[in-house]
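Participant: Input file: final-v6.cif. Contents: mmCIF, C-alpha atoms and all ligand atoms.
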data_model
#
loop_
_atom_site.group_PDB
_atom_site.id
_atom_site.type_symbol
_atom_site.label_atom_id
_atom_site.label_comp_id
_atom_site.auth_asym_id
_atom_site.auth_seq_id
_atom_site.Cartn_x
_atom_site.Cartn_y
_atom_site.Cartn_z
ATOM 1 C CA MET X 1 -52.575 12.021 -54.639
ATOM 2 C CA PRO X 2 -53.655 13.532 -51.312
ATOM 3 C CA ALA X 3 -51.108 14.118 -48.558
ATOM 4 C CA VAL X 4 -52.067 12.322 -45.333
ATOM 5 C CA LEU X 5 -51.136 13.119 -41.724
ATOM 6 C CA PHE X 6 -51.950 10.673 -38.909
ATOM 7 C CA VAL X 7 -52.329 12.275 -35.486
ATOM 8 C CA CYS X 8 -52.509 11.007 -31.906
ATOM 9 C CA LEU X 9 -51.567 12.535 -28.557
ATOM 10 C CA GLY X 10 -47.880 11.696 -28.161
ATOM 11 C CA ASN X 11 -46.890 10.545 -31.689
ATOM 12 C CA ILE X 12 -45.088 7.565 -30.163
ATOM 13 C CA CYS X 13 -47.737 4.793 -30.008
ATOM 14 C CA ARG X 14 -50.714 4.964 -32.373
ATOM 15 C CA SER X 15 -49.960 7.443 -35.170
ATOM 16 C CA PRO X 16 -46.455 6.041 -35.881
ATOM 17 C CA LEU X 17 -48.137 2.650 -36.362
ATOM 18 C CA ALA X 18 -50.754 4.189 -38.642
ATOM 19 C CA GLU X 19 -48.043 5.912 -40.695
ATOM 20 C CA GLY X 20 -45.959 2.725 -40.904
ATOM 21 C CA VAL X 21 -48.873 0.463 -41.824
ATOM 22 C CA PHE X 22 -50.212 2.945 -44.388
ATOM 23 C CA ARG X 23 -46.787 3.308 -46.031
ATOM 24 C CA HIS X 24 -46.383 -0.458 -46.050
ATOM 25 C CA LEU X 25 -49.841 -1.163 -47.510
ATOM 26 C CA THR X 26 -49.535 1.421 -50.262
ATOM 27 C CA ARG X 27 -45.861 0.926 -51.149
ATOM 28 C CA HIS X 28 -46.467 -0.880 -54.459
ATOM 29 C CA HIS X 29 -49.796 0.733 -55.305
ATOM 30 C CA THR X 30 -49.233 4.404 -56.049
ATOM 31 C CA GLY X 31 -48.149 3.985 -59.664
ATOM 32 C CA GLY X 32 -44.702 5.286 -58.781
ATOM 33 C CA GLU X 33 -46.112 8.545 -57.426
ATOM 34 C CA PRO X 34 -44.453 9.585 -54.168
ATOM 35 C CA LEU X 35 -46.935 9.876 -51.310
ATOM 36 C CA LEU X 36 -46.663 12.589 -48.702
ATOM 37 C CA VAL X 37 -47.428 10.701 -45.482
ATOM 38 C CA ASP X 38 -46.438 11.662 -41.947
ATOM 39 C CA SER X 39 -47.579 11.445 -38.354
ATOM 40 C CA ALA X 40 -47.570 13.917 -35.492
ATOM 41 C CA GLY X 41 -48.867 14.429 -31.961
ATOM 42 C CA THR X 42 -51.122 17.098 -30.551
ATOM 43 C CA GLY X 43 -48.708 17.211 -27.579
ATOM 44 C CA ALA X 44 -44.967 17.922 -27.571
ATOM 45 C CA TRP X 45 -43.802 15.722 -24.661
ATOM 46 C CA HIS X 46 -42.065 13.169 -26.858
ATOM 47 C CA GLN X 47 -40.743 15.483 -29.580
ATOM 48 C CA GLY X 48 -37.670 13.963 -31.252
ATOM 49 C CA GLU X 49 -38.159 10.508 -29.725
ATOM 50 C CA ALA X 50 -38.416 7.227 -31.593
ATOM 51 C CA PRO X 51 -41.746 5.367 -31.347
ATOM 52 C CA ASP X 52 -42.556 3.496 -28.126
ATOM 53 C CA PRO X 53 -40.635 0.179 -28.064
ATOM 54 C CA ARG X 54 -43.960 -1.678 -27.841
ATOM 55 C CA SER X 55 -45.154 -0.058 -31.086
ATOM 56 C CA ILE X 56 -41.824 -0.826 -32.758
ATOM 57 C CA ALA X 57 -42.165 -4.451 -31.580
ATOM 58 C CA VAL X 58 -45.734 -5.015 -32.761
ATOM 59 C CA ALA X 59 -44.938 -3.474 -36.147
ATOM 60 C CA ALA X 60 -41.812 -5.647 -36.444
ATOM 61 C CA ARG X 61 -43.889 -8.760 -35.677
ATOM 62 C CA HIS X 62 -45.963 -7.837 -38.726
ATOM 63 C CA GLY X 63 -42.898 -7.192 -40.904
ATOM 64 C CA ILE X 64 -42.953 -3.389 -40.707
ATOM 65 C CA ASP X 65 -40.035 -1.253 -39.507
ATOM 66 C CA ILE X 66 -41.102 1.985 -37.822
ATOM 67 C CA SER X 67 -37.948 2.400 -35.719
ATOM 68 C CA GLY X 68 -36.621 5.300 -37.825
ATOM 69 C CA GLN X 69 -39.574 7.602 -37.111
ATOM 70 C CA LYS X 70 -39.183 10.667 -34.869
ATOM 71 C CA ALA X 71 -42.023 12.185 -32.881
ATOM 72 C CA ARG X 72 -43.080 15.756 -33.568
ATOM 73 C CA GLN X 73 -45.927 18.033 -32.636
ATOM 74 C CA VAL X 74 -48.594 19.181 -35.091
ATOM 75 C CA ILE X 75 -47.834 22.678 -36.423
ATOM 76 C CA GLY X 76 -50.042 25.261 -38.122
ATOM 77 C CA ALA X 77 -48.472 24.611 -41.535
ATOM 78 C CA ASP X 78 -49.692 20.993 -41.382
ATOM 79 C CA PHE X 79 -53.221 22.272 -41.985
ATOM 80 C CA SER X 80 -52.276 23.498 -45.465
ATOM 81 C CA ARG X 81 -49.498 21.020 -46.289
ATOM 82 C CA PHE X 82 -51.733 17.970 -45.753
ATOM 83 C CA ASP X 83 -55.063 17.297 -47.471
ATOM 84 C CA LEU X 84 -56.275 14.765 -44.949
ATOM 85 C CA ILE X 85 -55.522 14.932 -41.215
ATOM 86 C CA LEU X 86 -56.726 11.826 -39.395
ATOM 87 C CA ALA X 87 -57.218 11.812 -35.625
ATOM 88 C CA MET X 88 -56.856 8.567 -33.685
ATOM 89 C CA ASP X 89 -59.582 9.475 -31.174
ATOM 90 C CA GLY X 90 -62.217 12.068 -30.430
ATOM 91 C CA SER X 91 -60.014 13.940 -28.012
ATOM 92 C CA ASN X 92 -57.259 14.259 -30.645
ATOM 93 C CA LEU X 93 -59.920 15.500 -33.076
ATOM 94 C CA SER X 94 -61.119 18.223 -30.677
ATOM 95 C CA ASP X 95 -57.515 19.281 -30.052
ATOM 96 C CA LEU X 96 -56.845 19.433 -33.803
ATOM 97 C CA ASN X 97 -59.932 21.530 -34.405
ATOM 98 C CA ARG X 98 -58.722 23.915 -31.710
ATOM 99 C CA MET X 99 -55.223 24.055 -33.220
ATOM 100 C CA ALA X 100 -56.376 24.593 -36.827
ATOM 101 C CA PRO X 101 -55.517 28.036 -38.214
ATOM 102 C CA ALA X 102 -58.348 30.020 -39.820
ATOM 103 C CA GLN X 103 -56.798 29.422 -43.255
ATOM 104 C CA SER X 104 -56.712 25.623 -42.816
ATOM 105 C CA THR X 105 -57.431 23.793 -46.075
ATOM 106 C CA ALA X 106 -57.167 20.241 -44.719
ATOM 107 C CA THR X 107 -60.021 17.851 -44.095
ATOM 108 C CA VAL X 108 -59.707 16.980 -40.420
ATOM 109 C CA ARG X 109 -61.610 13.921 -39.219
ATOM 110 C CA LEU X 110 -61.435 10.689 -37.263
ATOM 111 C CA PHE X 111 -59.138 8.027 -38.707
ATOM 112 C CA LEU X 112 -61.876 5.410 -38.075
ATOM 113 C CA ASP X 113 -64.976 7.144 -39.352
ATOM 114 C CA ALA X 114 -67.243 4.224 -38.389
ATOM 115 C CA PRO X 115 -67.612 2.485 -34.988
ATOM 116 C CA PRO X 116 -65.529 1.828 -32.902
ATOM 117 C CA CYS X 117 -64.360 5.315 -34.051
ATOM 118 C CA ASP X 118 -61.603 5.687 -31.445
ATOM 119 C CA VAL X 119 -58.268 3.858 -31.561
ATOM 120 C CA PRO X 120 -57.691 3.430 -27.803
ATOM 121 C CA ASP X 121 -54.551 4.906 -26.264
ATOM 122 C CA PRO X 122 -52.377 1.871 -25.382
ATOM 123 C CA TYR X 123 -49.681 3.829 -23.505
ATOM 124 C CA TYR X 124 -50.606 2.789 -19.954
ATOM 125 C CA GLY X 125 -51.797 -0.722 -20.831
ATOM 126 C CA GLY X 126 -50.044 -4.020 -21.542
ATOM 127 C CA PRO X 127 -48.718 -5.466 -24.797
ATOM 128 C CA THR X 128 -52.119 -6.839 -25.872
ATOM 129 C CA GLY X 129 -53.282 -3.233 -26.218
ATOM 130 C CA PHE X 130 -50.650 -2.711 -28.889
ATOM 131 C CA GLU X 131 -51.775 -5.783 -30.809
ATOM 132 C CA THR X 132 -55.380 -4.494 -30.685
ATOM 133 C CA VAL X 133 -54.236 -1.090 -31.886
ATOM 134 C CA PHE X 134 -52.252 -2.700 -34.707
ATOM 135 C CA ARG X 135 -55.328 -4.559 -35.983
ATOM 136 C CA MET X 136 -57.527 -1.458 -35.807
ATOM 137 C CA VAL X 137 -54.866 0.588 -37.575
ATOM 138 C CA GLU X 138 -54.534 -2.036 -40.302
ATOM 139 C CA ASP X 139 -58.285 -1.929 -41.006
ATOM 140 C CA GLY X 140 -58.338 1.858 -40.897
ATOM 141 C CA ALA X 141 -55.299 2.268 -43.134
ATOM 142 C CA ARG X 142 -56.849 -0.032 -45.715
ATOM 143 C CA ARG X 143 -60.044 2.018 -45.710
ATOM 144 C CA VAL X 144 -58.162 5.313 -46.032
ATOM 145 C CA ALA X 145 -56.159 3.944 -48.966
ATOM 146 C CA GLU X 146 -59.346 2.881 -50.733
ATOM 147 C CA GLU X 147 -60.981 6.212 -49.993
ATOM 148 C CA ILE X 148 -58.182 8.128 -51.703
ATOM 149 C CA GLY X 149 -58.159 5.793 -54.668
ATOM 150 C CA ILE X 150 -55.237 3.504 -53.858
ATOM 151 C CA ARG X 151 -56.225 -0.129 -54.398
ATOM 152 C CA VAL X 152 -54.233 -2.250 -51.939
HETATM 153 P P1 LIG W 1 -50.006 8.005 -28.398
HETATM 154 O O1 LIG W 1 -49.879 7.439 -26.917
HETATM 155 O O2 LIG W 1 -50.880 9.229 -28.311
HETATM 156 O O3 LIG W 1 -50.698 6.891 -29.123
HETATM 157 O O4 LIG W 1 -48.621 8.280 -28.882
HETATM 158 C C1 LIG W 1 -49.424 8.229 -25.850
HETATM 159 C C2 LIG W 1 -48.087 8.414 -25.657
HETATM 160 C C3 LIG W 1 -47.626 9.156 -24.580
HETATM 161 C C4 LIG W 1 -48.537 9.710 -23.711
HETATM 162 C C5 LIG W 1 -49.884 9.527 -23.896
HETATM 163 C C6 LIG W 1 -50.342 8.796 -24.981
HETATM 164 N N1 LIG W 1 -48.072 10.447 -22.589
HETATM 165 O O5 LIG W 1 -48.906 10.828 -21.758
HETATM 166 O O6 LIG W 1 -46.864 10.696 -22.475
#
Is it possible to express this structure as structure tokens?
Ligand code: 4NP
Facilitator:
Amino acid sequence: MPAVLFVCLGNICRSPLAEGVFRHLTRHHTGGEPLLVDSAGTGAWHQGEAPDPRSIAVAARHGIDISGQKARQVIGADFSRFDLILAMDGSNLSDLNRMAPAQSTATVRLFLDAPPCDVPDPYYGGPTGFETVFRMVEDGARRVAEEIGIRV
């Protein structure tokens, strides 16, 4: 089963939600096989921090606990440890392509590979932005699961 890394800028708003929703959706559908799933940020500003309280809150409203996650920055080893690295927006994707070591073996692409393509950064917006992000992430996570052969 492929190892999946979700990536945004800070690893406190969008990618922790994607990781949490993906884990939640797939939890009973991997035939007992452990899944390697993680999230990370292209930037290091929030390294070691828990997700943004607004992301924790929107996940909790949907029955998902992401409060135990800790932000970290993408490292070179991620490009061989993970099979699929999924960027939340085009800017994250460009950054990832710049960060990828020459010996990268991962497939690096947008998390939403069909329009609207970008999961908008909700950091400077209000709480409705987080609800919008949650819905987009739910759709995307479902599609990724199907793509890698997990029927949810
Ligand atoms: P994220 O959101 O990339 O979805 O985690 C952001 C979090 C923090 C910042 C920007 C985006 N920041 O500038 O600190």
Participant: Given the file shown, determine the residues that the PyMOL selection byres (((not hetatm)) within 7 of (chain W and resi 1)) selects; report them as a ChimeraX atom specification.
Facilitator: /X:8-15,41,45-46,121-123
Participant: Can you tell me which residues surround range 49-62 of chain X at a distance of at most 12 Å, considering only C-alpha atoms, apart from same-chain residues fewer than 5 positions away, and format the answer as a tab-separated table (two decimals) with C-alpha atoms, in the frame of the given file?
Facilitator:
chain	number	residue	atom	x	y	z
X	10	GLY	CA	-47.88	11.70	-28.16
X	11	ASN	CA	-46.89	10.54	-31.69
X	12	ILE	CA	-45.09	7.56	-30.16
X	13	CYS	CA	-47.74	4.79	-30.01
X	14	ARG	CA	-50.71	4.96	-32.37
X	15	SER	CA	-49.96	7.44	-35.17
X	16	PRO	CA	-46.46	6.04	-35.88
X	17	LEU	CA	-48.14	2.65	-36.36
X	18	ALA	CA	-50.75	4.19	-38.64
X	19	GLU	CA	-48.04	5.91	-40.70
X	20	GLY	CA	-45.96	2.72	-40.90
X	21	VAL	CA	-48.87	0.46	-41.82
X	22	PHE	CA	-50.21	2.94	-44.39
X	24	HIS	CA	-46.38	-0.46	-46.05
X	25	LEU	CA	-49.84	-1.16	-47.51
X	39	SER	CA	-47.58	11.44	-38.35
X	40	ALA	CA	-47.57	13.92	-35.49
X	41	GLY	CA	-48.87	14.43	-31.96
X	44	ALA	CA	-44.97	17.92	-27.57
X	67	SER	CA	-37.95	2.40	-35.72
X	68	GLY	CA	-36.62	5.30	-37.83
X	69	GLN	CA	-39.57	7.60	-37.11
X	70	LYS	CA	-39.18	10.67	-34.87
X	71	ALA	CA	-42.02	12.18	-32.88
X	72	ARG	CA	-43.08	15.76	-33.57
X	73	GLN	CA	-45.93	18.03	-32.64
X	121	ASP	CA	-54.55	4.91	-26.26
X	122	PRO	CA	-52.38	1.87	-25.38
X	123	TYR	CA	-49.68	3.83	-23.50
X	124	TYR	CA	-50.61	2.79	-19.95
X	125	GLY	CA	-51.80	-0.72	-20.83
X	126	GLY	CA	-50.04	-4.02	-21.54
X	127	PRO	CA	-48.72	-5.47	-24.80
X	128	THR	CA	-52.12	-6.84	-25.87
X	129	GLY	CA	-53.28	-3.23	-26.22
X	130	PHE	CA	-50.65	-2.71	-28.89
X	131	GLU	CA	-51.78	-5.78	-30.81
X	132	THR	CA	-55.38	-4.49	-30.68
X	133	VAL	CA	-54.24	-1.09	-31.89
X	134	PHE	CA	-52.25	-2.70	-34.71
X	135	ARG	CA	-55.33	-4.56	-35.98
X	137	VAL	CA	-54.87	0.59	-37.58
X	138	GLU	CA	-54.53	-2.04	-40.30
Participant: Tell me, in Å to one decimal, how far CA of Met88 in chain X is from CA of Pro116 in chain X.
Facilitator: 11.0 Å
Participant: Find the residues around Arg27 in chain X up to 12 Å (all atoms listed in the file counted), leave out those fewer than 4 positions away in its own chain, and share them as a list of chain:residue names.
Facilitator: X:Glu19, X:Gly20, X:Val21, X:Phe22, X:Arg23, X:Gly31, X:Gly32, X:Glu33, X:Pro34, X:Leu35, X:Leu36, X:Val37, X:Ile64, X:Ala145, X:Ile150, X:Arg151, X:Val152
Participant: With C-alpha atoms retained, write the just-selected residues as a tab-separated table (two decimals), in the coordinates of the input.
Facilitator:
chain	number	residue	atom	x	y	z
X	19	GLU	CA	-48.04	5.91	-40.70
X	20	GLY	CA	-45.96	2.72	-40.90
X	21	VAL	CA	-48.87	0.46	-41.82
X	22	PHE	CA	-50.21	2.94	-44.39
X	23	ARG	CA	-46.79	3.31	-46.03
X	31	GLY	CA	-48.15	3.98	-59.66
X	32	GLY	CA	-44.70	5.29	-58.78
X	33	GLU	CA	-46.11	8.54	-57.43
X	34	PRO	CA	-44.45	9.59	-54.17
X	35	LEU	CA	-46.94	9.88	-51.31
X	36	LEU	CA	-46.66	12.59	-48.70
X	37	VAL	CA	-47.43	10.70	-45.48
X	64	ILE	CA	-42.95	-3.39	-40.71
X	145	ALA	CA	-56.16	3.94	-48.97
X	150	ILE	CA	-55.24	3.50	-53.86
X	151	ARG	CA	-56.22	-0.13	-54.40
X	152	VAL	CA	-54.23	-2.25	-51.94
Participant: Here is a test: counting only C-alpha atoms, which residue of X:Pro101, X:Gly90, X:Gly149, X:Gly140 is nearest to Pro120 in chain X?
Facilitator: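 The answer is X:Gly90, which sits nearest to Pro120 in chain X.
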